[in-house]
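Coordinates from model13.cif are shown below (mmCIF, C-alpha atoms).
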```cif
data_entry
#
loop_
_atom_site.label_atom_id
_atom_site.label_comp_id
_atom_site.auth_asym_id
_atom_site.auth_seq_id
_atom_site.Cartn_x
_atom_site.Cartn_y
_atom_site.Cartn_z
CA MET A 1 -17.10 168.19 135.87
CA THR A 2 -13.76 169.47 134.68
CA ASP A 3 -13.13 170.88 138.17
CA LEU A 4 -13.84 167.66 140.09
CA LEU A 5 -10.21 166.57 140.30
CA GLN A 6 -9.19 170.10 141.22
CA VAL A 7 -11.57 170.05 144.17
CA LEU A 8 -10.88 166.40 145.10
CA PRO A 9 -7.54 165.34 143.59
CA ASP A 10 -7.74 161.85 145.14
CA PHE A 11 -11.32 161.10 144.08
CA ASP A 12 -11.71 157.77 142.28
CA THR A 13 -13.61 158.56 139.08
CA SER A 14 -13.42 155.07 137.57
CA LEU A 15 -16.86 154.07 138.90
CA TYR A 16 -18.47 157.14 137.33
CA ALA A 17 -16.58 157.37 134.03
CA HIS A 18 -19.82 156.85 132.09
CA LEU A 19 -21.39 159.95 133.72
CA LEU A 20 -18.56 162.49 133.63
CA PRO A 21 -18.50 163.21 129.86
CA SER A 22 -22.23 164.05 129.85
CA LEU A 23 -21.87 166.23 132.95
CA ASP A 24 -18.91 167.97 131.39
CA LYS A 25 -20.82 168.61 128.18
CA ALA A 26 -23.72 170.10 130.16
CA LEU A 27 -21.26 172.38 132.04
CA ILE A 28 -22.10 170.87 135.41
CA SER A 29 -19.55 171.91 138.04
CA THR A 30 -18.87 170.23 141.37
CA THR A 31 -20.75 173.06 143.08
CA ASP A 32 -23.79 172.46 140.86
CA LEU A 33 -23.65 168.77 141.66
CA ILE A 34 -23.84 169.45 145.39
CA ILE A 35 -26.37 172.30 145.64
CA LEU A 36 -28.83 171.43 142.87
CA GLU A 37 -31.45 168.72 142.97
CA PRO A 38 -30.06 165.46 141.50
CA SER A 39 -33.18 165.00 139.38
CA ASP A 40 -32.73 168.45 137.80
CA VAL A 41 -29.05 167.81 137.13
CA ALA A 42 -29.81 164.38 135.66
CA LYS A 43 -32.43 165.87 133.33
CA ARG A 44 -30.06 168.63 132.25
CA ALA A 45 -27.17 166.25 131.55
CA GLN A 46 -29.43 163.42 130.32
CA VAL A 47 -28.00 160.77 132.64
CA PRO A 48 -29.79 158.23 134.90
CA ALA A 49 -30.96 159.93 138.10
CA GLY A 50 -30.14 156.90 140.24
CA GLU A 51 -26.54 156.76 139.04
CA LEU A 52 -26.17 160.50 139.54
CA ARG A 53 -27.34 160.26 143.15
CA LYS A 54 -24.58 157.70 143.79
CA LEU A 55 -22.04 160.16 142.41
CA VAL A 56 -23.45 162.97 144.55
CA ASP A 57 -23.24 160.82 147.69
CA ALA A 58 -19.66 159.84 146.88
CA VAL A 59 -18.59 163.45 146.25
CA VAL A 60 -20.27 164.74 149.42
CA GLY A 61 -18.70 161.93 151.47
CA ALA A 62 -15.28 162.64 150.00
CA LEU A 63 -15.66 166.35 150.79
CA HIS A 64 -16.65 165.61 154.38
CA TRP A 65 -13.68 163.34 154.79
CA HIS A 66 -11.35 165.83 153.09
CA LEU A 67 -12.47 168.56 155.52
CA GLY A 68 -12.09 166.30 158.53
CA PHE A 69 -15.76 165.59 159.24
CA GLY A 70 -17.11 162.12 159.89
CA ALA A 71 -13.69 160.55 160.34
CA GLU A 72 -15.22 157.95 162.66
CA GLU A 73 -17.27 156.45 159.86
CA ALA A 74 -16.02 153.54 157.82
CA ARG A 75 -14.07 154.56 154.74
CA SER A 76 -12.86 152.78 151.67
CA SER A 77 -9.36 151.38 151.55
CA THR A 78 -8.28 154.34 149.44
CA PHE A 79 -8.42 156.62 152.47
CA LEU A 80 -7.09 156.47 156.02
CA SER A 81 -9.34 157.44 158.90
CA ALA A 82 -7.16 159.57 161.12
CA SER A 83 -9.23 159.30 164.25
CA ASN A 84 -9.37 155.51 164.00
CA HIS A 85 -5.64 155.49 163.42
CA ALA A 86 -5.02 157.72 166.44
CA SER A 87 -7.24 155.75 168.81
CA ALA A 88 -6.21 152.25 167.75
CA GLU A 89 -4.05 151.72 170.80
CA ASN A 90 -6.53 152.56 173.59
CA GLY A 91 -9.83 151.81 171.88
CA GLY A 92 -11.15 155.36 172.33
CA PRO A 93 -10.62 158.78 170.80
CA SER A 94 -7.20 160.16 171.71
CA THR A 95 -6.98 163.85 172.61
CA ILE A 96 -4.41 166.48 173.51
CA SER A 97 -5.45 168.12 176.76
CA THR A 98 -5.43 171.84 177.53
CA LEU A 99 -4.44 170.74 181.07
CA ASP A 100 -7.53 172.41 182.50
CA GLU A 101 -10.64 170.40 183.26
CA LYS A 102 -13.21 173.02 182.22
CA LEU A 103 -11.46 173.88 178.96
CA ASP A 104 -11.17 170.17 178.18
CA GLU A 105 -14.86 169.77 179.01
CA ALA A 106 -15.73 172.39 176.39
CA LEU A 107 -13.77 170.34 173.82
CA LEU A 108 -15.14 166.99 175.07
CA GLY A 109 -11.67 165.89 176.13
CA GLY A 110 -9.31 168.14 174.19
CA ILE A 111 -7.89 168.60 170.70
CA ARG A 112 -8.39 165.49 168.56
CA PRO A 113 -5.86 164.22 166.03
CA GLY A 114 -6.83 164.09 162.38
CA TYR A 115 -8.20 167.64 162.20
CA LEU A 116 -7.07 171.13 161.26
CA VAL A 117 -7.85 173.33 164.27
CA GLU A 118 -7.67 177.13 164.47
CA VAL A 119 -7.16 179.19 167.63
CA THR A 120 -8.10 182.81 166.95
CA GLY A 121 -8.18 185.93 169.08
CA GLU A 122 -6.79 189.41 169.49
CA SER A 123 -3.34 190.16 170.82
CA GLY A 124 -3.02 189.32 174.50
CA ALA A 125 -5.99 186.95 174.55
CA GLY A 126 -3.79 183.91 175.28
CA LYS A 127 -3.35 182.19 171.90
CA THR A 128 0.36 181.51 172.36
CA GLN A 129 -0.20 180.39 175.96
CA LEU A 130 -2.66 177.75 174.76
CA LEU A 131 -0.32 176.59 171.98
CA LEU A 132 2.64 176.27 174.37
CA THR A 133 0.49 174.19 176.72
CA LEU A 134 -0.48 171.88 173.86
CA LEU A 135 3.20 171.44 172.90
CA LEU A 136 3.88 170.04 176.37
CA ALA A 137 0.62 168.11 176.76
CA SER A 138 1.11 166.22 173.49
CA GLN A 139 4.14 164.49 175.05
CA LEU A 140 2.10 163.13 177.96
CA PRO A 141 0.52 159.66 177.82
CA ALA A 142 -3.24 159.21 177.57
CA PRO A 143 -5.61 160.63 178.66
CA HIS A 144 -3.73 163.94 178.61
CA GLY A 145 -1.75 163.49 175.40
CA LEU A 146 -0.48 161.24 172.64
CA ALA A 147 2.98 160.41 174.08
CA LYS A 148 4.50 161.95 170.95
CA SER A 149 6.77 164.85 170.03
CA ALA A 150 5.59 168.18 168.64
CA VAL A 151 6.62 170.62 165.89
CA TYR A 152 6.37 174.38 166.35
CA ILE A 153 6.43 176.44 163.12
CA SER A 154 6.70 180.16 163.78
CA THR A 155 6.06 182.92 161.26
CA GLU A 156 6.77 185.70 163.76
CA ALA A 157 8.51 185.38 167.14
CA PRO A 158 10.73 182.38 167.98
CA LEU A 159 9.62 179.65 170.37
CA ALA A 160 9.24 181.00 173.95
CA THR A 161 11.50 178.46 175.69
CA ASN A 162 11.58 180.50 178.92
CA ARG A 163 7.80 180.30 179.19
CA LEU A 164 7.85 176.57 178.47
CA THR A 165 10.37 176.07 181.29
CA GLN A 166 8.16 178.12 183.60
CA LEU A 167 5.12 176.00 182.75
CA LEU A 168 7.05 172.80 183.46
CA SER A 169 7.99 174.03 186.92
CA ALA A 170 4.77 175.86 187.88
CA HIS A 171 1.89 173.83 186.44
CA PRO A 172 0.48 171.49 189.13
CA LEU A 173 0.29 168.44 186.86
CA LEU A 174 3.58 168.93 185.02
CA SER A 175 5.60 169.81 188.11
CA SER A 176 4.39 166.68 189.93
CA LEU A 177 5.77 164.30 187.28
CA SER A 178 9.06 162.51 187.66
CA PRO A 179 11.95 163.64 185.39
CA LYS A 180 11.39 160.56 183.23
CA GLU A 181 7.67 161.30 182.75
CA LYS A 182 7.94 165.09 182.41
CA PRO A 183 7.74 166.62 178.92
CA SER A 184 11.00 167.86 177.49
CA LEU A 185 11.89 170.88 175.37
CA SER A 186 14.14 168.60 173.34
CA ARG A 187 11.02 166.88 171.98
CA ILE A 188 9.70 170.15 170.51
CA LEU A 189 11.10 170.80 167.05
CA SER A 190 11.08 174.52 166.25
CA ILE A 191 11.55 176.28 162.92
CA GLN A 192 10.82 179.77 161.58
CA THR A 193 9.28 180.57 158.20
CA PRO A 194 9.95 184.24 157.32
CA ASP A 195 8.05 184.23 154.01
CA LEU A 196 5.51 182.29 151.97
CA GLU A 197 8.10 180.57 149.79
CA THR A 198 9.96 179.17 152.81
CA GLN A 199 6.67 178.21 154.46
CA GLU A 200 5.53 176.28 151.38
CA HIS A 201 8.82 174.37 151.13
CA ILE A 202 8.88 173.44 154.82
CA LEU A 203 5.26 172.32 154.98
CA ARG A 204 5.30 170.36 151.74
CA TYR A 205 8.71 168.68 151.89
CA GLN A 206 10.41 168.91 155.28
CA LEU A 207 7.45 168.54 157.63
CA PRO A 208 6.26 165.08 156.41
CA VAL A 209 9.80 163.72 156.86
CA ALA A 210 10.09 165.21 160.36
CA ILE A 211 6.72 163.75 161.40
CA LYS A 212 7.83 160.22 160.57
CA LYS A 213 11.40 160.59 161.82
CA HIS A 214 10.59 162.10 165.22
CA ASN A 215 7.22 160.43 165.95
CA VAL A 216 5.31 163.72 165.91
CA GLY A 217 1.71 163.93 167.10
CA LEU A 218 1.13 167.70 167.03
CA VAL A 219 2.06 170.44 164.56
CA VAL A 220 1.57 174.07 165.61
CA VAL A 221 1.70 177.02 163.18
CA ASP A 222 1.92 180.42 164.89
CA SER A 223 0.49 182.31 163.09
CA VAL A 224 -1.11 181.40 159.79
CA ALA A 225 -1.97 184.97 158.74
CA ALA A 226 1.40 186.68 159.28
CA ASN A 227 3.12 185.70 156.02
CA TYR A 228 0.01 186.40 153.94
CA ARG A 229 -0.35 189.82 155.49
CA ALA A 230 3.32 190.61 154.83
CA GLU A 231 3.16 189.30 151.25
CA PHE A 232 -0.08 190.91 150.08
CA GLU A 233 0.00 194.17 152.06
CA LYS A 234 3.59 195.21 151.39
CA ALA A 235 4.42 198.28 149.33
CA GLY A 236 4.28 197.82 145.58
CA VAL A 237 1.72 195.00 145.60
CA LYS A 238 -1.41 195.88 143.65
CA GLN A 239 -4.60 195.51 145.64
CA GLY A 240 -7.60 194.25 143.73
CA ALA A 241 -9.56 191.25 142.57
CA ALA A 242 -6.52 189.55 141.04
CA SER A 243 -4.54 189.83 144.28
CA LEU A 244 -7.44 188.51 146.35
CA ALA A 245 -7.96 185.61 143.94
CA LYS A 246 -4.28 184.70 144.15
CA ARG A 247 -4.37 184.77 147.93
CA GLY A 248 -7.56 182.72 147.97
CA THR A 249 -5.97 180.05 145.80
CA GLN A 250 -2.93 179.87 148.08
CA LEU A 251 -5.16 179.58 151.16
CA VAL A 252 -7.09 176.68 149.62
CA GLN A 253 -3.81 174.93 148.80
CA LEU A 254 -2.48 175.51 152.32
CA GLY A 255 -5.68 174.20 153.88
CA ALA A 256 -5.66 171.08 151.69
CA LEU A 257 -2.02 170.43 152.55
CA LEU A 258 -2.51 170.75 156.31
CA ARG A 259 -5.72 168.69 156.31
CA ASP A 260 -4.03 165.97 154.31
CA LEU A 261 -1.13 165.84 156.78
CA ALA A 262 -3.50 165.69 159.74
CA ARG A 263 -5.58 162.94 158.16
CA THR A 264 -2.91 160.68 156.68
CA GLU A 265 -0.40 160.98 159.55
CA GLY A 266 -2.99 160.87 162.34
CA ILE A 267 -1.73 164.09 163.92
CA ALA A 268 -3.36 167.27 165.20
CA VAL A 269 -2.57 170.46 163.29
CA VAL A 270 -3.29 173.60 165.31
CA VAL A 271 -2.83 177.06 163.80
CA ALA A 272 -3.07 180.47 165.44
CA ASN A 273 -4.91 183.22 163.60
CA GLN A 274 -5.25 186.94 164.15
CA VAL A 275 -8.43 189.00 164.13
CA ALA A 276 -9.49 192.34 162.68
CA ASP A 277 -12.07 194.85 163.83
CA ARG A 278 -15.48 194.39 162.26
CA PHE A 279 -16.83 197.53 160.66
CA SER A 280 -20.59 197.20 160.67
CA LYS A 281 -23.42 199.18 162.21
CA PRO A 282 -27.13 198.44 162.31
CA PRO A 283 -29.43 201.15 160.96
CA ASN A 284 -30.75 203.93 163.21
CA VAL A 285 -28.23 203.40 166.00
CA VAL A 286 -27.46 206.66 167.76
CA VAL A 287 -23.89 206.93 169.02
CA PRO A 288 -24.06 208.25 172.60
CA ASN A 289 -22.27 211.46 173.54
CA PRO A 290 -19.12 211.02 175.64
CA PRO A 291 -19.88 211.22 179.35
CA SER A 292 -19.37 214.58 181.03
CA ARG A 293 -16.76 214.84 183.75
CA THR A 294 -19.17 216.58 186.09
CA ASN A 295 -21.61 213.69 186.23
CA SER A 296 -19.14 210.81 186.20
CA GLN A 297 -18.93 208.34 189.02
CA ASN A 298 -15.43 209.55 189.78
CA ALA A 299 -16.82 212.84 191.06
CA LEU A 300 -18.38 210.81 193.85
CA GLY A 301 -15.11 209.05 194.61
CA ASN A 302 -16.44 205.65 193.63
CA ASP A 303 -13.64 203.02 193.58
CA CYS A 304 -15.73 200.07 192.46
CA GLN A 305 -14.78 197.97 189.42
CA HIS A 306 -17.15 197.63 186.51
CA THR A 307 -17.17 196.31 182.99
CA PRO A 308 -17.93 198.68 180.09
CA GLN A 309 -21.61 198.98 179.24
CA PRO A 310 -22.88 198.55 175.68
CA PRO A 311 -23.93 201.59 173.65
CA SER A 312 -27.57 202.54 174.02
CA GLN A 313 -29.70 200.60 171.58
CA LYS A 314 -32.90 198.63 171.67
CA GLU A 315 -32.49 195.55 173.84
CA ASP A 316 -34.19 193.29 171.33
CA GLU A 317 -32.30 194.66 168.30
CA LEU A 318 -30.07 192.09 166.63
CA ILE A 319 -26.88 193.15 164.92
CA LEU A 320 -27.77 191.33 161.73
CA SER A 321 -28.18 192.17 158.10
CA PRO A 322 -31.79 191.97 156.87
CA ASP A 323 -30.55 189.66 154.10
CA PRO A 324 -30.20 186.13 155.58
CA LEU A 325 -27.79 185.13 152.80
CA ALA A 326 -25.45 188.05 153.45
CA LEU A 327 -22.11 187.46 155.15
CA ASP A 328 -22.91 190.10 157.78
CA HIS A 329 -25.95 188.07 158.75
CA GLN A 330 -24.23 184.69 158.95
CA GLN A 331 -20.78 185.45 160.32
CA CYS A 332 -21.92 185.62 163.94
CA TRP A 333 -22.32 181.83 163.82
CA PHE A 334 -18.83 180.97 162.58
CA THR A 335 -16.51 183.82 163.62
CA GLY A 336 -16.93 183.63 167.40
CA TRP A 337 -18.13 187.23 167.77
CA GLY A 338 -21.51 188.88 167.28
CA ASP A 339 -23.86 186.21 168.63
CA ILE A 340 -24.44 188.03 171.95
CA ARG A 341 -26.90 190.91 171.69
CA SER A 342 -25.39 193.03 174.45
CA ASP A 343 -21.92 193.18 172.90
CA PRO A 344 -21.03 196.73 171.80
CA LEU A 345 -20.33 197.08 168.09
CA HIS A 346 -16.77 198.28 168.65
CA THR A 347 -15.85 195.01 170.40
CA LEU A 348 -16.79 192.74 167.48
CA LYS A 349 -13.92 190.98 165.70
CA THR A 350 -13.54 188.88 162.57
CA PRO A 351 -10.82 186.22 162.13
CA SER A 352 -8.26 187.08 159.48
CA LEU A 353 -8.07 185.51 156.00
CA GLY A 354 -11.83 185.61 155.46
CA ILE A 355 -14.45 183.04 154.58
CA ILE A 356 -12.07 181.15 152.27
CA TRP A 357 -9.83 180.18 155.17
CA THR A 358 -12.83 179.46 157.42
CA ASN A 359 -13.90 176.80 154.91
CA GLN A 360 -10.52 175.08 155.24
CA ILE A 361 -10.60 174.40 158.98
CA ALA A 362 -12.54 171.76 160.89
CA CYS A 363 -12.57 173.49 164.27
CA ARG A 364 -12.38 177.10 165.42
CA ILE A 365 -11.61 178.13 169.00
CA ALA A 366 -12.10 181.84 169.72
CA LEU A 367 -10.30 183.50 172.63
CA SER A 368 -11.90 186.82 173.53
CA LYS A 369 -11.09 189.40 176.16
CA ARG A 370 -12.79 192.44 177.70
CA PRO A 371 -11.33 195.07 180.01
CA VAL A 372 -12.50 195.64 183.57
CA PHE A 373 -12.34 199.32 184.45
CA ALA A 374 -11.70 200.69 187.92
CA SER A 375 -12.85 204.21 188.75
CA ARG A 376 -10.34 206.70 190.11
CA PRO A 377 -10.93 209.68 192.41
CA PRO A 378 -10.63 213.14 190.82
CA ILE A 379 -7.59 213.98 192.97
CA VAL A 380 -4.65 211.59 193.23
CA LYS A 381 -1.40 211.88 195.15
CA VAL A 382 1.88 211.70 193.22
CA ASN A 383 5.07 211.87 195.31
CA GLY A 384 3.08 213.25 198.21
CA GLU A 385 1.49 216.03 196.17
CA ASP A 386 -2.11 216.37 195.02
CA HIS A 387 -2.64 216.18 191.24
CA TRP A 388 -5.77 216.35 189.13
CA ASN A 389 -6.54 212.90 187.70
CA GLU A 390 -6.30 213.12 183.92
CA ASP A 391 -8.13 209.81 183.33
CA ASP A 392 -11.64 209.02 184.50
CA THR A 393 -10.99 205.28 184.49
CA HIS A 394 -8.17 202.85 184.02
CA ILE A 395 -8.06 199.15 183.12
CA SER A 396 -7.52 197.17 186.30
CA LYS A 397 -7.53 193.72 184.65
CA TRP A 398 -8.75 191.73 181.66
CA ARG A 399 -11.41 189.04 181.57
CA ARG A 400 -10.91 186.28 178.99
CA TRP A 401 -13.16 183.58 177.54
CA PHE A 402 -12.50 180.29 175.74
CA LYS A 403 -15.18 179.55 173.15
CA VAL A 404 -15.63 176.57 170.82
CA VAL A 405 -17.21 178.16 167.74
CA PHE A 406 -17.53 174.92 165.76
CA ALA A 407 -15.94 171.49 165.86
CA PRO A 408 -16.89 168.09 164.42
CA TRP A 409 -16.48 166.35 167.79
CA ALA A 410 -17.80 168.98 170.24
CA PRO A 411 -20.86 171.25 170.40
CA PRO A 412 -20.49 175.06 170.23
CA SER A 413 -19.95 176.77 173.57
CA GLU A 414 -22.89 178.56 175.13
CA GLY A 415 -22.70 182.32 175.55
CA ARG A 416 -19.17 183.64 175.80
CA GLY A 417 -17.77 180.22 176.66
CA VAL A 418 -15.52 179.29 179.58
CA GLU A 419 -13.91 182.17 181.43
CA TYR A 420 -10.22 181.66 182.12
CA GLU A 421 -7.12 183.49 183.28
CA VAL A 422 -3.47 183.29 182.33
CA ALA A 423 -1.26 182.71 185.35
CA LYS A 424 2.30 181.64 185.99
CA SER A 425 1.11 178.03 185.98
CA GLY A 426 -0.67 178.42 182.61
CA MET A 427 -4.27 178.77 181.53
CA ARG A 428 -6.89 177.92 184.13
CA HIS A 429 -10.63 178.39 184.27
CA VAL A 430 -12.24 180.93 186.55
CA ALA A 431 -14.79 179.55 188.97
CA LYS A 432 -18.24 181.05 188.44
CA ASP A 433 -18.49 182.26 192.04
CA LYS A 434 -15.13 184.03 191.82
#
```
Translate this file's structure into structure tokens.
Amino acid sequence: MTDLLQVLPDFDTSLYAHLLPSLDKALISTTDLIILEPSDVAKRAQVPAGELRKLVDAVVGALHWHLGFGAEEARSSTFLSASNHASAENGGPSTISTLDEKLDEALLGGIRPGYLVEVTGESGAGKTQLLLTLLLASQLPAPHGLAKSAVYISTEAPLATNRLTQLLSAHPLLSSLSPKEKPSLSRILSIQTPDLETQEHILRYQLPVAIKKHNVGLVVVDSVAANYRAEFEKAGVKQGAASLAKRGTQLVQLGALLRDLARTEGIAVVVANQVADRFSKPPNVVVPNPPSRTNSQNALGNDCQHTPQPPSQKEDELILSPDPLALDHQQCWFTGWGDIRSDPLHTLKTPSLGIIWTNQIACRIALSKRPVFASRPPIVKVNGEDHWNEDDTHISKWRRWFKVVFAPWAPPSEGRGVEYEVAKSGMRHVAKDK
């Protein structure tokens, strides 16, 4: 158990001091304690099975609390329940609204304080739009917000103040508020972190002071992967097991730091994350030949819109590894992509920073998008002259979906999730009959 205090630095070992030396001598790690049968561990370490079960329950409970699960349950005086702290004033769970009823419905009210939440998706999916909306909503009183300020930590582009001003004037709810009730840009503290060293200093030392000084209820990090990508993929850095291990250690430390801030301060910590293409292919899948120009729909002058069809494969074939313990088999349940059979392989994505970072977060929201193609006629007019159309199709618009992959307070979204669009007034759901 030499790694117990590394996994749970705040764990109170005084009640189990008589067990730890025997467990340490038998080379029992925290992982062994959790996954193995208590009776087998007790026999191996020669300790009472009943006392060992109490230790196992305490460690599992501490891990759940440390990861943000089960915050509603009663805890010992050593720890602070963030959700109870956040909802003390109104007697119910406080949330930060997305300012759209259907998106809030998917989250059972919105983003809850006390948790580390990730918003992931490819470029243009709407991650920053959602984060900007949360920055404004957190300043609203219940039930839409926490009536508190927000902190925006950027690792890439600076805070989009022009877009925030546009949301304040165009969103139906925000624009209808009086000047005294309306959120203000002055209550959003913004700072940039160009590298990992600066990021570590700000998060560990400056952020806790700012939270108390400015009555902060929401911290946004946009994006969490940028500095790690720049640090570990730059020229001159050796790629290998040592580099991955170093990055993994830093990710665990970052996750513990952000979770601890969310839990002890009773705030919501929301981070944006990027995605990468998933390179996997089930066996015996034949890649179809590109369509011929002579038999395309454009030859018939068809102007209808259509979404891209999946590659030809058996309808009942799952894109899964035959090994149920393999990552390729399991990732469709925690990445947000791959759980729909009809999705083409080339559209599958995987959130950046891998399984290590996934284990640090309490909630993942995946924003996905798919193009809608419009067919063009073979001959088009340019400046009054006929020209041969070089492209069979063009993208007329994008369809986007908001999906709760996992969360301790809300069930996973069904199918692709809630379809939405990004407009001048912000993110809004698309009616099913639209």
Mind telling me what the PyMOL selection byres ((chain A and resi 115) around 10) catches here, as a PDB file with C-alpha atoms, in the frame of the given file?
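Writing done, so here's part_31.pdb:
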```pdb
ATOM      1  CA  HIS A  66     -11.350 165.830 153.090  1.00  0.00           C
ATOM      2  CA  LEU A  67     -12.470 168.560 155.520  1.00  0.00           C
ATOM      3  CA  GLY A  68     -12.090 166.300 158.530  1.00  0.00           C
ATOM      4  CA  PHE A  69     -15.760 165.590 159.240  1.00  0.00           C
ATOM      5  CA  ALA A  71     -13.690 160.550 160.340  1.00  0.00           C
ATOM      6  CA  ALA A  82      -7.160 159.570 161.120  1.00  0.00           C
ATOM      7  CA  SER A  83      -9.230 159.300 164.250  1.00  0.00           C
ATOM      8  CA  ILE A 111      -7.890 168.600 170.700  1.00  0.00           C
ATOM      9  CA  ARG A 112      -8.390 165.490 168.560  1.00  0.00           C
ATOM     10  CA  PRO A 113      -5.860 164.220 166.030  1.00  0.00           C
ATOM     11  CA  GLY A 114      -6.830 164.090 162.380  1.00  0.00           C
ATOM     12  CA  LEU A 116      -7.070 171.130 161.260  1.00  0.00           C
ATOM     13  CA  VAL A 117      -7.850 173.330 164.270  1.00  0.00           C
ATOM     14  CA  GLU A 118      -7.670 177.130 164.470  1.00  0.00           C
ATOM     15  CA  LEU A 258      -2.510 170.750 156.310  1.00  0.00           C
ATOM     16  CA  ARG A 259      -5.720 168.690 156.310  1.00  0.00           C
ATOM     17  CA  ASP A 260      -4.030 165.970 154.310  1.00  0.00           C
ATOM     18  CA  LEU A 261      -1.130 165.840 156.780  1.00  0.00           C
ATOM     19  CA  ALA A 262      -3.500 165.690 159.740  1.00  0.00           C
ATOM     20  CA  ARG A 263      -5.580 162.940 158.160  1.00  0.00           C
ATOM     21  CA  GLY A 266      -2.990 160.870 162.340  1.00  0.00           C
ATOM     22  CA  ILE A 267      -1.730 164.090 163.920  1.00  0.00           C
ATOM     23  CA  ALA A 268      -3.360 167.270 165.200  1.00  0.00           C
ATOM     24  CA  VAL A 269      -2.570 170.460 163.290  1.00  0.00           C
ATOM     25  CA  VAL A 270      -3.290 173.600 165.310  1.00  0.00           C
ATOM     26  CA  ILE A 361     -10.600 174.400 158.980  1.00  0.00           C
ATOM     27  CA  ALA A 362     -12.540 171.760 160.890  1.00  0.00           C
ATOM     28  CA  CYS A 363     -12.570 173.490 164.270  1.00  0.00           C
ATOM     29  CA  ALA A 407     -15.940 171.490 165.860  1.00  0.00           C
ATOM     30  CA  PRO A 408     -16.890 168.090 164.420  1.00  0.00           C
TER      31      PRO A 408
END
```
Skip region 186-198 of chain A itself and residues of its chain fewer than 6 positions away, then list as a ChimeraX atom specification all residues within 6 Å of it, counting all atoms listed in the file. /A:149-155,227
Using only C-alpha atoms, please write the residues we just selected to a file, as a PDB file, in the coordinates of the input.
```pdb
ATOM      1  CA  SER A 149       6.770 164.850 170.030  1.00  0.00           C
ATOM      2  CA  ALA A 150       5.590 168.180 168.640  1.00  0.00           C
ATOM      3  CA  VAL A 151       6.620 170.620 165.890  1.00  0.00           C
ATOM      4  CA  TYR A 152       6.370 174.380 166.350  1.00  0.00           C
ATOM      5  CA  ILE A 153       6.430 176.440 163.120  1.00  0.00           C
ATOM      6  CA  SER A 154       6.700 180.160 163.780  1.00  0.00           C
ATOM      7  CA  THR A 155       6.060 182.920 161.260  1.00  0.00           C
ATOM      8  CA  ASN A 227       3.120 185.700 156.020  1.00  0.00           C
TER       9      ASN A 227
END
```
Quick one: pull the distance between CA of Lys102 (chain A) and CA of Gly126 (chain A), Å, one decimal. 16.0 Å
Compare A:Ala431, A:Ala147, A:Leu207, A:Ala366 by their minimum atom-to-atom distance to Phe406 (chain A), counting only C-alpha atoms, and give me the closest one. A:Ala366
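Residues with any atom within 8 Å of region 397-402 of chain A, counting all atoms listed in the file and excluding same-chain neighbours fewer than 5 positions away, are Leu103, Ala125, Ile365, Ala366, Leu367, Ser368, Lys369, Arg370, Pro371, Val372, Phe373, Arg416, Gly417, Val418, Glu419, Tyr420 and Glu421 of chain A.
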What do you get, as a PyMOL selection string, if you spell out every residue that the PyMOL selection byres ((chain A and resi 163) around 10) selects here? chain A and resi 129+132-133+159-162+164-169+424-426
What is the distance, in Å and to one decimal place, between CA of Arg278 (chain A) and CA of Lys349 (chain A)?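 According to the coordinates, CA of Arg278 (chain A) and CA of Lys349 (chain A) are separated by 5.1 Å.
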Provide the CA of Val271 (chain A) to CA of His64 (chain A) distance in Å, to one decimal place.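 Computing the Euclidean distance for CA of Val271 (chain A) and CA of His64 (chain A) yields 20.3 Å.
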On this structure, which residues satisfy the PyMOL selection byres ((chain A and resi 7) around 10), written as a list in words?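 That selection, the PyMOL selection byres ((chain A and resi 7) around 10), comes back as Thr2, Asp3, Leu4, Leu5, Gln6, Leu8, Pro9, Asp10, Phe11, Thr30, Thr31, Val59, Leu63, His66, Val252 and Ala256 of chain A.
Minimum atom-to-atom distances from A:Leu108, A:Ile202, A:Leu348, A:Ile96 to Ala142 (chain A) were compared using all atoms listed in the file, and the lowest value belongs to A:Ile96.
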Best match for closeness to Ala226 (chain A) among A:Leu20, A:Leu140, A:Leu353, A:Leu177, counting all atoms listed in the file: A:Leu353
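Nearest to Thr335 (chain A) of all the residues A:Ala276, A:Val430, A:Ala45, A:Leu27 is A:Ala276, based on all atoms listed in the file.
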When you look at Gln250 (chain A) with a cut-off of 10 Å (counting all atoms listed in the file), what residues show up, excluding the ones that are within fewer than 3 positions of it in the same chain? I need them as a PyMOL selection string. chain A and resi 196+200+228+244-247+253-256+357
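Minimum distance to Lys180 (chain A) across A:Gln139, A:Ser123, A:Ser22, A:Ser243 (counting all atoms listed in the file) occurs at A:Gln139.
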